[in-house]
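Here's the structure, in structure tokens; my notes come after.
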Amino acid sequence: MASTHAAPPHWRRSEGARALVWLAPWIAGVLVFFCYPLLATVYFSFHRYDLFTLEFIGLDNWRYAFADERVYQSARNTLWLVAFMVPAQVLFALGVAQLLTKIKSGAGVLRTIFYLPSLVPAVAGTVAFVYLLNPATGPVNQLLALVGITGPDWFGSAAWAKPSLTLLAVWGVGNTMMIFLAALLDVPRHLYEAAAIDGAGAWRQFRSVTLPTISPVLMFSAITGVIYAVQYFAQAMIASRVASGATDSAGSTFTPGYPDGSLLTLPQHLFHTGFRDWSMGLACVHALLLFAVSMLFTLILLRRFGRAEVDA
């Protein structure tokens with residue numbers, strides 16, 4: 001009968017030291033690029049800071065932030081993007097990927113066509129969309145007029161500005177679509193054959209076979225989409241500037257969020273507070289709120305998908 005012996009203590013210590021050596025670059029990266037900036041942000045949030053002077057003011061920045069209507073307005077807009085833009089992106093990308101798996105002829109060309117918009121720079125794509133959706137000269141409203149439909153004032157209307165940005169986001173889901181396509185093509189075919197033998201139709205196969213199999217990819221896409229939406233900045237800022245006709249010429253002013261604050265997001269308000277008003281302490285409060293919102297949605301999604309996997 002063979003006997004088993006625990007490893008000598010010095011072996012365990014050497015293995016632990018070797019593991020720390022391999023983990024050292026990751027640990028250093030977390031400490032330098034995550035822990036230190038986070039702690040510094042918390043520290044500066046209790047100070048009046050303009051990059052030159054530092055004055056402790058306690059909770060004044062926090063009180064001002066929670067009394068600022070612009071913070072609530074930007075938070076509402078950001079939550080709208082999370083609630084509507086992210087599901088629209090995920091569903092459209094999944095639908096296109098599912099469609100491409102069924103197409104036998106010309107699938108490669110269609111994959112390229114759907115993927116190309118994701119290669120367009122954010123600024124160029126946003127400017128092009130504002131032009132296409134221009135209510136007076138844009139081709140979209142002109143085409144709608146040909147069939148008797150009066151197009152809305154897309155980026156010039158507070159009611160249509162965020163849906164217009166959602167259309168822009170859906171147009172550029174090529175990366176997510178390719179990830180879903182790879183996941184769908186990796187689903188074992190025998191699972192569909194077994195479901196078909198049991199009498200399951202197309203919708204039943206999708207619910208019982210496809211969704212459970214690609215659930216990790218769905219979770220990844222949802223979490224990254226939420227983080228992207230919470231940090232939404234460039235497209236909203238460019239759309240506001242172009243639609244409002246603002247320029248950077250001397251004497252011109254521009255308030256983020258045109259029209260009527262409908263495109264003001266938390267990152268924009270943070271940027272305007274920190275780099276236009278030079279209130280870095282207050283901007284740190286906004287950054288911490290942004291971090292808290294991102295963590296909250298991430299934890300909710302992780303819990304939701306974890307519960308779904310257990311139920312499956």
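Following the order of the structure tokens, chains are lettered A, B, ..., residues in each are numbered from 1, and ligands are numbered from 1.
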
Near-Ile227 in chain A list (9 Å; only C-alpha atoms; drop same-chain fewer than 6 positions) as a PDB file with all heavy atoms, in the first residue's frame:
ATOM      1  N   VAL A  82     -27.974  52.489 -20.994  1.00  0.00           N
ATOM      2  CA  VAL A  82     -27.781  51.124 -20.500  1.00  0.00           C
ATOM      3  C   VAL A  82     -29.038  50.285 -20.718  1.00  0.00           C
ATOM      4  O   VAL A  82     -28.963  49.122 -21.123  1.00  0.00           O
ATOM      5  CB  VAL A  82     -27.402  51.156 -19.008  1.00  0.00           C
ATOM      6  CG1 VAL A  82     -27.410  49.746 -18.414  1.00  0.00           C
ATOM      7  CG2 VAL A  82     -26.034  51.798 -18.811  1.00  0.00           C
ATOM      8  N   SER A 294     -20.930  51.453 -12.615  1.00  0.00           N
ATOM      9  CA  SER A 294     -20.390  50.355 -13.425  1.00  0.00           C
ATOM     10  C   SER A 294     -20.312  49.066 -12.620  1.00  0.00           C
ATOM     11  O   SER A 294     -20.700  47.988 -13.102  1.00  0.00           O
ATOM     12  CB  SER A 294     -18.994  50.728 -13.946  1.00  0.00           C
ATOM     13  OG  SER A 294     -19.029  51.890 -14.734  1.00  0.00           O
ATOM     14  N   MET A 295     -19.818  49.152 -11.384  1.00  0.00           N
ATOM     15  CA  MET A 295     -19.710  47.967 -10.549  1.00  0.00           C
ATOM     16  C   MET A 295     -21.085  47.399 -10.218  1.00  0.00           C
ATOM     17  O   MET A 295     -21.274  46.174 -10.202  1.00  0.00           O
ATOM     18  CB  MET A 295     -18.960  48.314  -9.270  1.00  0.00           C
ATOM     19  CG  MET A 295     -17.474  48.541  -9.459  1.00  0.00           C
ATOM     20  SD  MET A 295     -16.633  47.061 -10.074  1.00  0.00           S
ATOM     21  CE  MET A 295     -16.936  45.905  -8.743  1.00  0.00           C
ATOM     22  N   PHE A 297     -23.955  47.546 -11.976  1.00  0.00           N
ATOM     23  CA  PHE A 297     -24.532  46.833 -13.122  1.00  0.00           C
ATOM     24  C   PHE A 297     -23.769  45.544 -13.413  1.00  0.00           C
ATOM     25  O   PHE A 297     -24.371  44.526 -13.775  1.00  0.00           O
ATOM     26  CB  PHE A 297     -24.537  47.733 -14.359  1.00  0.00           C
ATOM     27  CG  PHE A 297     -25.684  48.689 -14.408  1.00  0.00           C
ATOM     28  CD1 PHE A 297     -25.477  50.039 -14.234  1.00  0.00           C
ATOM     29  CD2 PHE A 297     -26.977  48.249 -14.625  1.00  0.00           C
ATOM     30  CE1 PHE A 297     -26.532  50.932 -14.265  1.00  0.00           C
ATOM     31  CE2 PHE A 297     -28.041  49.124 -14.662  1.00  0.00           C
ATOM     32  CZ  PHE A 297     -27.816  50.472 -14.478  1.00  0.00           C
ATOM     33  N   THR A 298     -22.451  45.570 -13.256  1.00  0.00           N
ATOM     34  CA  THR A 298     -21.666  44.364 -13.497  1.00  0.00           C
ATOM     35  C   THR A 298     -22.035  43.263 -12.511  1.00  0.00           C
ATOM     36  O   THR A 298     -22.218  42.097 -12.889  1.00  0.00           O
ATOM     37  CB  THR A 298     -20.164  44.679 -13.391  1.00  0.00           C
ATOM     38  OG1 THR A 298     -19.820  45.682 -14.362  1.00  0.00           O
ATOM     39  CG2 THR A 298     -19.343  43.434 -13.650  1.00  0.00           C
TER      40      THR A 298
END

Within 9 Å of range 168-183 of chain A, counting only C-alpha atoms, which residues show up once you throw out same-chain ones fewer than 5 positions away? Write them as a short mmCIF file (atom, residue, chain, number, x, y, z; two decimals) with C-alpha atoms, in the first residue's frame, please.
data_model
loop_
_atom_site.label_atom_id
_atom_site.label_comp_id
_atom_site.auth_asym_id
_atom_site.auth_seq_id
_atom_site.Cartn_x
_atom_site.Cartn_y
_atom_site.Cartn_z
CA MET A 85 -28.89 50.88 -26.25
CA VAL A 86 -27.13 47.84 -24.77
CA ALA A 88 -30.53 46.77 -28.84
CA GLN A 89 -26.86 46.16 -29.64
CA VAL A 90 -26.82 42.65 -28.19
CA PHE A 92 -29.19 43.01 -33.22
CA ALA A 93 -25.72 41.46 -33.17
CA LEU A 94 -27.15 38.09 -32.11
CA GLY A 95 -29.87 38.27 -34.76
CA VAL A 96 -27.41 39.09 -37.55
CA ALA A 97 -25.04 36.34 -36.40
CA GLN A 98 -27.90 33.83 -36.30
CA LEU A 100 -25.40 34.49 -41.14
CA THR A 101 -25.22 30.92 -39.83
CA ARG A 111 -19.97 39.12 -42.84
CA THR A 112 -17.60 41.71 -44.28
CA ILE A 113 -20.43 44.17 -44.92
CA PHE A 114 -21.77 43.90 -41.38
CA TYR A 115 -18.28 44.06 -39.85
CA LEU A 116 -16.97 47.07 -41.80
CA PRO A 117 -18.90 49.76 -39.80
CA SER A 118 -17.04 48.75 -36.63
CA LEU A 119 -13.78 49.80 -38.32
CA VAL A 120 -15.00 53.37 -38.89
CA GLY A 125 -19.03 57.70 -37.96
CA THR A 126 -20.84 60.15 -35.67
CA PHE A 129 -24.70 59.93 -38.98
CA PRO A 163 -32.67 56.90 -30.14
CA THR A 213 -24.68 27.05 -24.94
CA ILE A 214 -23.69 30.62 -25.76
CA VAL A 217 -20.69 34.92 -24.63
CA LEU A 218 -24.00 36.62 -23.88
CA SER A 221 -21.30 40.97 -24.42
CA GLN A 235 -20.18 59.93 -29.86
#

Review point. From the list A:Gly156, A:Gly306, A:Gly281, A:Pro121, which residue is nearest Tyr43 in chain A when using only C-alpha atoms?
Key: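 That would be A:Gly281, the residue with the smallest distance to Tyr43 in chain A.
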
Review point. Per DSSP on the backbone, what are the strand (DSSP E) residues of range 8-119 of chain A, as a ChimeraX atom specification?
Key: /A:47-49,54-56

For the selection you just gave me, I'd like the residues written to a file as a CSV table (one decimal), in the first residue's frame, keeping N, CA and C atoms.
chain,number,residue,atom,x,y,z
A,47,HIS,N,-11.3,67.3,-1.4
A,47,HIS,CA,-10.5,68.6,-1.4
A,47,HIS,C,-11.0,69.5,-2.6
A,48,ARG,N,-10.7,70.7,-2.4
A,48,ARG,CA,-10.8,71.7,-3.5
A,48,ARG,C,-9.5,71.7,-4.3
A,49,TYR,N,-9.5,71.2,-5.5
A,49,TYR,CA,-8.3,70.9,-6.2
A,49,TYR,C,-8.4,71.4,-7.6
A,54,LEU,N,-4.4,72.7,-3.3
A,54,LEU,CA,-5.1,71.6,-2.7
A,54,LEU,C,-5.6,72.1,-1.3
A,55,GLU,N,-6.9,72.1,-1.1
A,55,GLU,CA,-7.5,72.5,0.2
A,55,GLU,C,-8.6,71.5,0.6
A,56,PHE,N,-8.4,71.1,1.8
A,56,PHE,CA,-9.4,70.1,2.4
A,56,PHE,C,-10.7,70.8,2.7

Practice item. Based on DSSP run over this structure's backbone, return all residues of range 204-294 of chain A in helix (DSSP H, G or I), as number ranges by chain. Key: A: 204-213, 215-230, 234-244, 266-275, 280-294

Exercise for review: Could you tell me which of A:Gln268, A:Tyr258, A:Ala222, A:Met237 comes closest to Phe305 in chain A if we count only C-alpha atoms?
Suggested key: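 Of the candidates, the smallest distance to Phe305 in chain A is held by A:Ala222.
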